[in-house]
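**Student:** Structure supplied as input-v2.csv; contents: CSV, C-alpha atoms.
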```
chain,number,residue,atom,x,y,z
F,939,MET,CA,20.7,-42.2,-11.8
F,940,THR,CA,24.4,-41.9,-10.9
F,941,ASP,CA,25.9,-38.6,-9.7
F,942,THR,CA,27.4,-38.0,-13.1
F,943,GLN,CA,24.1,-38.5,-14.8
F,944,ARG,CA,22.4,-36.2,-12.2
F,945,ILE,CA,25.0,-33.5,-12.9
F,946,ILE,CA,24.4,-33.8,-16.6
F,947,THR,CA,20.7,-33.6,-16.0
F,948,VAL,CA,21.0,-30.4,-14.0
F,949,ALA,CA,23.3,-28.9,-16.6
F,950,VAL,CA,20.8,-29.8,-19.4
F,951,ILE,CA,18.0,-28.2,-17.4
F,952,ALA,CA,20.1,-25.1,-16.7
F,953,LEU,CA,21.0,-24.8,-20.4
F,954,GLY,CA,17.4,-25.3,-21.5
F,955,THR,CA,16.2,-22.6,-19.1
F,956,MET,CA,18.9,-20.2,-20.3
F,957,LEU,CA,17.9,-20.9,-23.9
F,958,THR,CA,14.3,-19.9,-23.3
F,959,ARG,CA,15.4,-16.7,-21.6
F,960,PHE,CA,18.1,-15.7,-24.1
F,961,LEU,CA,16.5,-16.6,-27.4
F,962,PRO,CA,14.4,-13.5,-27.9
F,963,PHE,CA,17.5,-11.3,-27.2
F,964,ILE,CA,19.5,-13.4,-29.7
F,965,ILE,CA,16.8,-13.3,-32.4
F,966,PHE,CA,16.3,-9.5,-31.9
F,967,PRO,CA,19.6,-8.0,-31.0
F,968,GLU,CA,19.8,-4.4,-30.0
F,969,GLY,CA,18.9,-2.0,-32.8
F,970,ARG,CA,16.9,-4.5,-34.8
F,971,LYS,CA,13.2,-3.7,-35.2
F,972,VAL,CA,10.8,-6.2,-33.7
F,973,PRO,CA,7.8,-6.9,-36.0
F,974,ASP,CA,4.5,-5.5,-34.7
F,975,PHE,CA,2.9,-8.9,-34.8
F,976,ILE,CA,5.5,-10.3,-32.4
F,977,VAL,CA,5.1,-7.3,-30.1
F,978,ARG,CA,1.4,-7.7,-29.9
F,979,LEU,CA,1.7,-11.5,-29.5
F,980,GLY,CA,4.2,-10.8,-26.7
F,981,ARG,CA,1.7,-8.8,-24.9
F,982,ILE,CA,-1.1,-11.3,-24.8
F,983,LEU,CA,0.8,-14.6,-24.7
F,984,PRO,CA,1.9,-14.5,-21.0
F,985,TYR,CA,-1.8,-14.6,-20.1
F,986,ALA,CA,-2.5,-17.8,-22.0
F,987,ILE,CA,0.8,-19.4,-20.9
F,988,ILE,CA,-0.1,-19.0,-17.2
F,989,GLY,CA,-3.4,-20.6,-17.8
F,990,LEU,CA,-1.7,-23.5,-19.5
F,991,LEU,CA,0.7,-23.8,-16.5
F,992,VAL,CA,-2.1,-24.2,-14.0
F,993,VAL,CA,-3.5,-27.0,-16.1
F,994,TYR,CA,0.0,-28.5,-16.4
F,995,CYS,CA,0.2,-28.6,-12.6
F,996,VAL,CA,-2.9,-30.8,-12.3
F,997,LYS,CA,-2.3,-32.9,-15.4
F,998,ASP,CA,-1.5,-36.2,-13.5
F,999,ALA,CA,-4.0,-35.6,-10.7
F,1000,VAL,CA,-6.9,-35.5,-13.2
F,1001,PHE,CA,-6.4,-39.1,-14.1
F,1002,THR,CA,-6.2,-40.5,-10.6
F,1003,SER,CA,-9.0,-42.1,-8.6
F,1004,LEU,CA,-9.9,-38.7,-7.0
F,1005,HIS,CA,-10.0,-37.0,-10.4
F,1006,GLY,CA,-8.1,-33.9,-9.1
F,1007,LEU,CA,-10.7,-33.1,-6.4
F,1008,PRO,CA,-8.2,-32.0,-3.8
F,1009,GLU,CA,-6.4,-29.9,-6.4
F,1010,LEU,CA,-9.7,-28.3,-7.5
F,1011,ILE,CA,-10.8,-27.5,-3.9
F,1012,SER,CA,-7.4,-26.0,-3.1
F,1013,ILE,CA,-7.2,-24.0,-6.4
F,1014,ALA,CA,-10.7,-22.6,-5.6
F,1015,CYS,CA,-9.5,-21.6,-2.2
F,1016,VAL,CA,-6.5,-19.8,-3.7
F,1017,ILE,CA,-8.6,-18.0,-6.2
F,1018,LEU,CA,-11.2,-16.8,-3.6
F,1019,LEU,CA,-8.4,-15.8,-1.1
F,1020,GLN,CA,-6.6,-13.9,-3.8
F,1021,LYS,CA,-9.7,-12.1,-5.0
F,1022,TRP,CA,-10.7,-11.2,-1.4
F,1023,LYS,CA,-7.4,-10.4,0.4
F,1024,LYS,CA,-5.1,-9.7,-2.7
F,1025,ASN,CA,-2.1,-10.9,-0.8
F,1026,MET,CA,-0.3,-13.4,-3.0
F,1027,TYR,CA,1.8,-15.1,-0.3
F,1028,LEU,CA,-1.2,-15.5,2.1
F,1029,SER,CA,-3.2,-17.1,-0.7
F,1030,MET,CA,-0.3,-19.4,-1.7
F,1031,ILE,CA,0.5,-20.5,1.9
F,1032,ILE,CA,-3.1,-21.1,3.0
F,1033,GLY,CA,-3.9,-22.9,-0.3
F,1034,THR,CA,-0.8,-25.2,0.1
F,1035,VAL,CA,-1.5,-26.0,3.7
F,1036,LEU,CA,-5.1,-26.8,2.8
F,1037,TYR,CA,-3.9,-29.1,0.0
F,1038,MET,CA,-1.4,-30.9,2.3
F,1039,VAL,CA,-4.2,-31.5,4.9
F,1040,LEU,CA,-6.5,-32.7,2.1
F,1041,VAL,CA,-4.0,-35.2,0.6
F,1042,GLN,CA,-2.4,-36.3,3.9
F,1043,VAL,CA,-5.5,-36.5,6.2
F,1044,VAL,CA,-8.9,-36.1,4.5
F,1045,PHE,CA,-8.5,-38.1,1.3
F,1046,LYS,CA,-6.0,-40.6,2.7
X,1360,MET,CA,25.2,5.1,-7.5
X,1361,LYS,CA,25.2,1.4,-6.6
X,1362,ARG,CA,24.1,2.0,-3.0
X,1363,LYS,CA,21.2,4.3,-4.1
X,1364,ALA,CA,20.0,1.7,-6.6
X,1365,LEU,CA,20.2,-1.1,-4.0
X,1366,LYS,CA,18.2,1.0,-1.5
X,1367,ALA,CA,15.6,1.7,-4.2
X,1368,ALA,CA,15.4,-2.0,-5.3
X,1369,PHE,CA,15.2,-3.6,-1.9
X,1370,PRO,CA,11.6,-2.6,-0.8
X,1371,TYR,CA,10.2,-4.0,-4.1
X,1372,THR,CA,11.8,-7.3,-3.4
X,1373,VAL,CA,10.5,-7.8,0.2
X,1374,PRO,CA,7.3,-9.7,-0.8
X,1375,ILE,CA,9.6,-11.9,-2.9
X,1376,LEU,CA,12.0,-12.4,0.0
X,1377,VAL,CA,9.0,-13.9,2.0
X,1378,GLY,CA,7.8,-15.9,-0.9
X,1379,PHE,CA,11.1,-17.3,-2.1
X,1380,LEU,CA,12.2,-18.2,1.4
X,1381,PHE,CA,9.0,-20.2,1.8
X,1382,MET,CA,9.0,-21.7,-1.7
X,1383,GLY,CA,12.7,-22.3,-1.8
X,1384,PHE,CA,12.4,-24.0,1.6
X,1385,SER,CA,9.6,-26.2,0.3
X,1386,PHE,CA,11.8,-27.1,-2.7
X,1387,GLY,CA,14.8,-27.9,-0.5
X,1388,LEU,CA,12.6,-30.1,1.8
X,1389,LEU,CA,11.2,-31.9,-1.3
X,1390,MET,CA,14.7,-32.5,-2.7
X,1391,LYS,CA,15.8,-33.9,0.7
X,1392,GLY,CA,12.7,-36.0,0.9
X,1393,GLU,CA,13.6,-37.6,-2.4
X,1394,GLY,CA,17.1,-38.3,-0.9
X,1395,LEU,CA,18.9,-35.8,-3.0
X,1396,SER,CA,21.9,-34.0,-1.5
X,1397,VAL,CA,22.0,-30.4,-0.3
X,1398,LEU,CA,24.6,-29.7,-3.0
X,1399,TYR,CA,22.2,-30.5,-5.8
X,1400,THR,CA,19.6,-28.1,-4.2
X,1401,PHE,CA,22.2,-25.4,-4.0
X,1402,PHE,CA,23.6,-25.7,-7.5
X,1403,MET,CA,20.2,-26.1,-9.1
X,1404,SER,CA,19.1,-22.8,-7.4
X,1405,VAL,CA,22.3,-21.1,-8.6
X,1406,PHE,CA,22.3,-22.3,-12.2
X,1407,ILE,CA,18.6,-23.0,-13.0
X,1408,PHE,CA,16.9,-20.3,-10.9
X,1409,SER,CA,13.4,-21.2,-12.0
X,1410,GLY,CA,11.0,-22.2,-9.3
X,1411,SER,CA,8.5,-24.0,-11.5
X,1412,MET,CA,11.2,-25.9,-13.4
X,1413,GLN,CA,13.1,-26.9,-10.3
X,1414,PHE,CA,9.9,-28.4,-8.8
X,1415,VAL,CA,9.4,-30.4,-12.0
X,1416,ALA,CA,13.1,-31.3,-12.0
X,1417,VAL,CA,12.8,-33.2,-8.7
X,1418,GLY,CA,10.8,-35.9,-10.5
X,1419,VAL,CA,13.3,-35.9,-13.4
X,1420,MET,CA,16.2,-36.3,-11.0
X,1421,VAL,CA,14.8,-39.5,-9.4
X,1422,ALA,CA,13.6,-41.0,-12.7
X,1423,ALA,CA,15.7,-42.9,-15.3
X,1424,PHE,CA,18.5,-40.9,-17.0
X,1425,ASP,CA,17.1,-39.3,-20.1
X,1426,PRO,CA,18.7,-35.9,-20.9
X,1427,LEU,CA,16.8,-35.3,-24.1
X,1428,HIS,CA,13.5,-35.7,-22.3
X,1429,ALA,CA,14.8,-33.4,-19.5
X,1430,PHE,CA,15.8,-30.8,-22.2
X,1431,LEU,CA,12.4,-30.9,-24.0
X,1432,LEU,CA,10.5,-30.8,-20.7
X,1433,THR,CA,12.5,-27.7,-19.7
X,1434,LEU,CA,11.7,-26.0,-23.0
X,1435,MET,CA,8.0,-26.8,-22.5
X,1436,VAL,CA,7.8,-25.7,-18.9
X,1437,ASN,CA,9.8,-22.6,-19.5
X,1438,ALA,CA,8.5,-21.6,-22.9
X,1439,ARG,CA,6.8,-18.6,-21.3
X,1440,TYR,CA,10.2,-17.0,-20.8
X,1441,LEU,CA,10.4,-16.7,-24.6
X,1442,PHE,CA,7.6,-14.3,-24.4
X,1443,TYR,CA,8.8,-12.5,-21.3
X,1444,GLY,CA,11.9,-11.5,-23.3
X,1445,ILE,CA,9.8,-9.6,-26.0
X,1446,PRO,CA,8.6,-6.8,-23.7
X,1447,MET,CA,12.1,-6.7,-22.1
X,1448,LEU,CA,14.0,-6.3,-25.3
X,1449,GLU,CA,14.0,-2.5,-24.9
X,1450,LYS,CA,14.3,-2.3,-21.1
X,1451,TYR,CA,17.4,-4.6,-21.1
X,1452,SER,CA,19.0,-2.8,-24.0
X,1453,LYS,CA,22.1,-0.7,-23.3
X,1454,THR,CA,22.8,-2.4,-20.0
X,1455,GLY,CA,26.3,-3.4,-21.0
X,1456,LEU,CA,28.0,-6.2,-19.1
X,1457,LYS,CA,25.0,-6.6,-16.7
X,1458,LYS,CA,22.8,-7.7,-19.6
X,1459,PRO,CA,23.7,-11.4,-19.6
X,1460,TYR,CA,23.0,-11.6,-15.9
X,1461,LEU,CA,19.7,-9.7,-16.2
X,1462,ILE,CA,18.5,-12.1,-18.8
X,1463,PHE,CA,19.9,-15.2,-17.0
X,1464,GLY,CA,18.0,-14.2,-13.8
X,1465,MET,CA,14.7,-13.3,-15.5
X,1466,CYS,CA,12.4,-15.5,-13.4
X,1467,ASP,CA,8.7,-14.7,-13.1
X,1468,GLU,CA,9.0,-12.5,-10.1
X,1469,THR,CA,12.1,-10.6,-11.4
X,1470,PHE,CA,10.4,-10.1,-14.7
X,1471,THR,CA,7.3,-8.7,-13.0
X,1472,ILE,CA,9.2,-6.0,-11.1
X,1473,ASN,CA,11.7,-5.1,-13.9
X,1474,CYS,CA,8.9,-4.9,-16.4
X,1475,SER,CA,6.5,-2.8,-14.4
X,1476,VAL,CA,8.5,-0.6,-11.9
X,1477,THR,CA,10.2,2.6,-12.9
X,1478,PRO,CA,12.7,3.6,-10.2
X,1479,GLU,CA,12.4,7.2,-8.9
X,1480,LYS,CA,14.5,10.0,-10.4
X,1481,GLY,CA,18.2,9.9,-9.8
X,1482,VAL,CA,18.3,6.1,-9.4
X,1483,ASP,CA,20.3,4.3,-12.1
X,1484,ARG,CA,17.8,2.0,-13.9
X,1485,THR,CA,20.4,-0.6,-14.9
X,1486,TRP,CA,21.8,-1.0,-11.4
X,1487,PHE,CA,18.2,-1.0,-10.0
X,1488,MET,CA,17.2,-3.9,-12.3
X,1489,PHE,CA,20.5,-5.7,-11.5
X,1490,PHE,CA,19.9,-5.5,-7.8
X,1491,VAL,CA,16.3,-6.7,-8.2
X,1492,THR,CA,17.6,-9.7,-10.0
X,1493,LEU,CA,20.5,-10.4,-7.7
X,1494,LEU,CA,18.4,-10.0,-4.5
X,1495,ASN,CA,15.8,-12.4,-5.8
X,1496,HIS,CA,18.5,-14.9,-6.8
X,1497,ILE,CA,20.0,-14.7,-3.3
X,1498,TYR,CA,16.7,-15.2,-1.6
X,1499,TRP,CA,16.0,-18.2,-3.7
X,1500,ILE,CA,19.4,-19.9,-3.1
X,1501,THR,CA,19.1,-19.1,0.6
X,1502,GLY,CA,15.6,-20.4,1.0
X,1503,SER,CA,16.2,-23.7,-0.9
X,1504,THR,CA,19.5,-24.5,0.8
X,1505,LEU,CA,18.0,-23.9,4.2
X,1506,GLY,CA,15.1,-26.1,3.3
X,1507,ALA,CA,17.5,-28.9,2.2
X,1508,ILE,CA,19.5,-28.6,5.4
X,1509,ALA,CA,16.4,-28.5,7.6
X,1510,GLY,CA,15.1,-31.6,5.7
X,1511,SER,CA,17.9,-33.7,7.2
X,1512,PHE,CA,16.6,-32.8,10.7
X,1513,LEU,CA,12.9,-32.3,10.2
X,1514,LYS,CA,10.9,-35.5,10.1
X,1515,PHE,CA,7.8,-34.1,8.7
X,1516,ASP,CA,5.5,-35.3,5.9
X,1517,THR,CA,6.0,-33.0,2.9
X,1518,THR,CA,3.4,-34.7,0.7
X,1519,GLY,CA,1.6,-32.1,-1.2
X,1520,ILE,CA,4.0,-29.2,-0.5
X,1521,ASP,CA,4.7,-29.0,-4.2
X,1522,PHE,CA,1.2,-27.5,-4.5
X,1523,ILE,CA,2.9,-24.2,-3.8
X,1524,MET,CA,3.8,-24.1,-7.5
X,1525,THR,CA,0.2,-24.6,-8.6
X,1526,ALA,CA,-0.8,-21.9,-6.1
X,1527,LEU,CA,1.8,-19.5,-7.5
X,1528,PHE,CA,0.5,-19.9,-11.1
X,1529,THR,CA,-3.1,-19.7,-9.9
X,1530,VAL,CA,-2.4,-16.4,-8.1
X,1531,MET,CA,-0.7,-15.0,-11.2
X,1532,LEU,CA,-3.6,-16.0,-13.3
X,1533,VAL,CA,-6.1,-14.3,-10.9
X,1534,ASN,CA,-3.9,-11.1,-10.8
X,1535,GLN,CA,-3.6,-11.0,-14.6
X,1536,TRP,CA,-7.3,-11.7,-14.9
X,1537,GLU,CA,-8.1,-8.7,-12.7
X,1538,GLU,CA,-5.6,-6.4,-14.5
X,1539,GLN,CA,-6.8,-7.3,-17.9
X,1540,LYS,CA,-10.1,-6.4,-19.5
X,1541,ASP,CA,-9.4,-8.9,-22.2
X,1542,HIS,CA,-10.0,-12.4,-20.9
X,1543,PHE,CA,-9.7,-14.2,-24.2
X,1544,PRO,CA,-5.9,-15.0,-23.9
X,1545,ALA,CA,-6.3,-16.5,-20.4
X,1546,LEU,CA,-9.4,-18.4,-21.4
X,1547,ILE,CA,-7.7,-19.8,-24.5
X,1548,GLY,CA,-4.8,-20.9,-22.3
X,1549,VAL,CA,-6.9,-22.7,-19.8
X,1550,LEU,CA,-9.5,-24.2,-22.1
X,1551,GLY,CA,-7.0,-25.1,-24.9
X,1552,ALA,CA,-4.8,-26.9,-22.4
X,1553,ILE,CA,-7.8,-28.8,-20.8
X,1554,LEU,CA,-8.9,-29.8,-24.3
X,1555,CYS,CA,-5.5,-31.1,-25.3
X,1556,LEU,CA,-5.0,-32.8,-21.9
X,1557,PHE,CA,-8.1,-35.0,-22.6
X,1558,VAL,CA,-7.2,-35.6,-26.2
X,1559,PHE,CA,-3.5,-36.2,-26.0
X,1560,GLY,CA,-3.1,-37.4,-22.3
X,1561,ALA,CA,-1.0,-36.1,-19.5
X,1562,ASP,CA,2.4,-37.0,-21.0
X,1563,SER,CA,2.2,-35.4,-24.4
X,1564,PHE,CA,-0.3,-32.5,-24.2
X,1565,MET,CA,2.1,-29.6,-23.7
X,1566,ILE,CA,3.3,-29.2,-27.3
X,1567,PRO,CA,-0.1,-29.5,-28.9
X,1568,SER,CA,-1.5,-27.1,-26.3
X,1569,MET,CA,1.2,-24.5,-27.2
X,1570,ILE,CA,0.6,-24.9,-30.9
X,1571,LEU,CA,-3.2,-24.5,-30.3
X,1572,ILE,CA,-2.7,-21.5,-28.2
X,1573,LEU,CA,-0.3,-19.8,-30.7
X,1574,VAL,CA,-2.7,-20.5,-33.6
X,1575,ALA,CA,-5.7,-19.3,-31.6
X,1576,LEU,CA,-4.0,-16.1,-30.4
X,1577,ALA,CA,-2.6,-15.4,-33.9
X,1578,ALA,CA,-6.1,-15.8,-35.3
X,1579,LEU,CA,-7.5,-13.6,-32.6
X,1580,ASP,CA,-4.9,-11.0,-33.4
X,1581,ILE,CA,-5.6,-11.1,-37.2
X,1582,THR,CA,-9.4,-10.8,-36.8
X,1583,ARG,CA,-8.9,-7.8,-34.5
X,1584,GLU,CA,-6.4,-6.1,-36.8
X,1585,HIS,CA,-8.9,-6.8,-39.6
X,1586,LYS,CA,-11.7,-5.2,-37.7
X,1587,LEU,CA,-9.5,-2.2,-36.7
X,1588,LYS,CA,-8.6,-1.7,-40.3
X,1589,LYS,CA,-12.2,-2.0,-41.4
X,1590,SER,CA,-13.4,0.6,-38.9
X,1591,ASP,CA,-10.4,2.8,-40.0
X,1592,ASP,CA,-11.4,2.4,-43.6
X,1593,LYS,CA,-15.0,3.2,-42.8
X,1594,ARG,CA,-14.0,6.3,-40.9
X,1595,LYS,CA,-11.8,7.4,-43.8
X,1596,ASP,CA,-14.6,6.7,-46.2
X,1597,GLY,CA,-16.9,8.8,-44.1
X,1598,GLU,CA,-14.4,11.7,-44.0
X,1599,ASN,CA,-14.0,11.5,-47.8
X,1600,GLN,CA,-17.7,11.8,-48.5
```
Output the structure of this file as structure tokens.

**Tutor:**
Amino acid sequence: MTDTQRIITVAVIALGTMLTRFLPFIIFPEGRKVPDFIVRLGRILPYAIIGLLVVYCVKDAVFTSLHGLPELISIACVILLQKWKKNMYLSMIIGTVLYMVLVQVVFK
Amino acid sequence: MKRKALKAAFPYTVPILVGFLFMGFSFGLLMKGEGLSVLYTFFMSVFIFSGSMQFVAVGVMVAAFDPLHAFLLTLMVNARYLFYGIPMLEKYSKTGLKKPYLIFGMCDETFTINCSVTPEKGVDRTWFMFFVTLLNHIYWITGSTLGAIAGSFLKFDTTGIDFIMTALFTVMLVNQWEEQKDHFPALIGVLGAILCLFVFGADSFMIPSMILILVALAALDITREHKLKKSDDKRKDGENQ
């Protein structure tokens, strides 16, 4: 990619991100009633979307020779740490360091 | 008024200060590792301000030029913001000139604070939400730019550092799981996505997954409403007799 192409790519990603953030406010401007169905959906949807995002993160790893084993081990570590210590940054940092050791040293 | 709001907002953003410096730093290192200039890191953090998307964007930036793919990928990765907006419609109303910036800066962490924290009495809510957004934005820009600068000096293997994104989503999933009694939405998200991943493959499973999730949640909602209505009707019948 040339620099111009990269700048266009960054601009497109920025615009796409803004679109997802602004759209609900454009569809439902101040003073307009939001349908109950949308309100209820808005309450439960974030839970499903986060689940989808976790799967998104491991999508490529699943089809490699290790079948996502380092990812699974590290995700399990993050879940256990989070349930136990409830400190999100501790869970994230230890999980990531573990993953880096796994892919750089153990499963090399 | 501004000072008071800033003072009230800062403590809530401290965990994010730590997290964003670390995550931003990782992002900067990764960008530098791919040979992308510090300026890209800086401007991406200013204008995109979405951790997950920026990590995904690193791969896009070093692949062949394809703006349409970049745009669609952004919509898929960031589709969750569409649904963050819905609970915020009311909270961000009547915020005047600050409203566009509040919406622009609505990343996962900012959303979480602005959605759930009510500042103490006497603190202007609009300014409070504004400072939460601004502080988080500054942490993110600072962390990522420092990472990109350090990447030029540090010779250190960053392979696997992008797992921080997976870790963030996993933590959010665990937190939501513990907060919520109703695990159906989370299960539908994970299982629906896994199913679609194996049926459609890694490159094209996101859109089918989102459709499946929407349909499943809508069906869940309709059956629940139906049950609620039925039990209401029964109760009414009982009262009439």

**Student:** Find the distance between atom CA of Leu1395 of chain X and atom CA of Phe1463 of chain X and write it in Å to one decimal.

**Tutor:**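 So the answer is 24.9 Å.
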
**Student:** Can you tell me, as a ChimeraX atom specification, which residues sit within 9 Å of (-8.6, -30.8, -1.5) in the file's frame, using only C-alpha atoms?

**Tutor:** /F:1006-1013,1036-1041,1044-1045

**Student:** Would you list the contacts of Leu979 of chain F as a PyMOL selection string, taking every protein, DNA or RNA residue within 10 Å and counting only C-alpha atoms, but skipping same-chain residues closer than 2 positions in sequence?

**Tutor:** (chain F and resi 974-977+981-984) or (chain X and resi 1442+1445+1573+1576-1577+1579-1580)

**Student:** Given a cut-off of 6 Å, which residues of chain X touch chain F, counting all atoms listed in the file, written out as a PDB file with C-alpha atoms, in the frame of the given file?

**Tutor:**
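Once everything was written out, this is part_9.pdb:
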```pdb
ATOM      1  CA  PHE X1406      22.300 -22.300 -12.200  1.00  0.00           C
ATOM      2  CA  ILE X1407      18.600 -23.000 -13.000  1.00  0.00           C
ATOM      3  CA  PHE X1424      18.500 -40.900 -17.000  1.00  0.00           C
ATOM      4  CA  PRO X1426      18.700 -35.900 -20.900  1.00  0.00           C
ATOM      5  CA  PHE X1430      15.800 -30.800 -22.200  1.00  0.00           C
ATOM      6  CA  THR X1433      12.500 -27.700 -19.700  1.00  0.00           C
ATOM      7  CA  LEU X1434      11.700 -26.000 -23.000  1.00  0.00           C
ATOM      8  CA  TYR X1440      10.200 -17.000 -20.800  1.00  0.00           C
ATOM      9  CA  LEU X1441      10.400 -16.700 -24.600  1.00  0.00           C
ATOM     10  CA  PHE X1442       7.600 -14.300 -24.400  1.00  0.00           C
ATOM     11  CA  GLY X1444      11.900 -11.500 -23.300  1.00  0.00           C
ATOM     12  CA  ILE X1445       9.800  -9.600 -26.000  1.00  0.00           C
ATOM     13  CA  GLY X1519       1.600 -32.100  -1.200  1.00  0.00           C
ATOM     14  CA  PHE X1522       1.200 -27.500  -4.500  1.00  0.00           C
ATOM     15  CA  ILE X1523       2.900 -24.200  -3.800  1.00  0.00           C
ATOM     16  CA  THR X1525       0.200 -24.600  -8.600  1.00  0.00           C
ATOM     17  CA  ALA X1526      -0.800 -21.900  -6.100  1.00  0.00           C
ATOM     18  CA  PHE X1528       0.500 -19.900 -11.100  1.00  0.00           C
ATOM     19  CA  PRO X1544      -5.900 -15.000 -23.900  1.00  0.00           C
ATOM     20  CA  ALA X1545      -6.300 -16.500 -20.400  1.00  0.00           C
ATOM     21  CA  GLY X1548      -4.800 -20.900 -22.300  1.00  0.00           C
ATOM     22  CA  VAL X1549      -6.900 -22.700 -19.800  1.00  0.00           C
ATOM     23  CA  ALA X1552      -4.800 -26.900 -22.400  1.00  0.00           C
ATOM     24  CA  ALA X1561      -1.000 -36.100 -19.500  1.00  0.00           C
TER      25      ALA X1561
END
```

**Student:** What is the atom CA of Asn1534 of chain X to atom CA of Phe1470 of chain X distance in Å?

**Tutor:**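 About the pair atom CA of Asn1534 of chain X and atom CA of Phe1470 of chain X: they are 14.9 Å apart.
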
**Student:** Atom CA of Gly1551 of chain X and atom CA of Cys1474 of chain X are how many Å apart?

**Tutor:**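 For atom CA of Gly1551 of chain X relative to atom CA of Cys1474 of chain X, the distance reads 27.1 Å.
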
**Student:** Nearest residue to Leu1461 of chain X out of X:Val1491, X:Val1436, X:Val1417, X:Leu1546, using all atoms listed in the file?

**Tutor:**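 Closest to Leu1461 of chain X of all the choices is X:Val1491.
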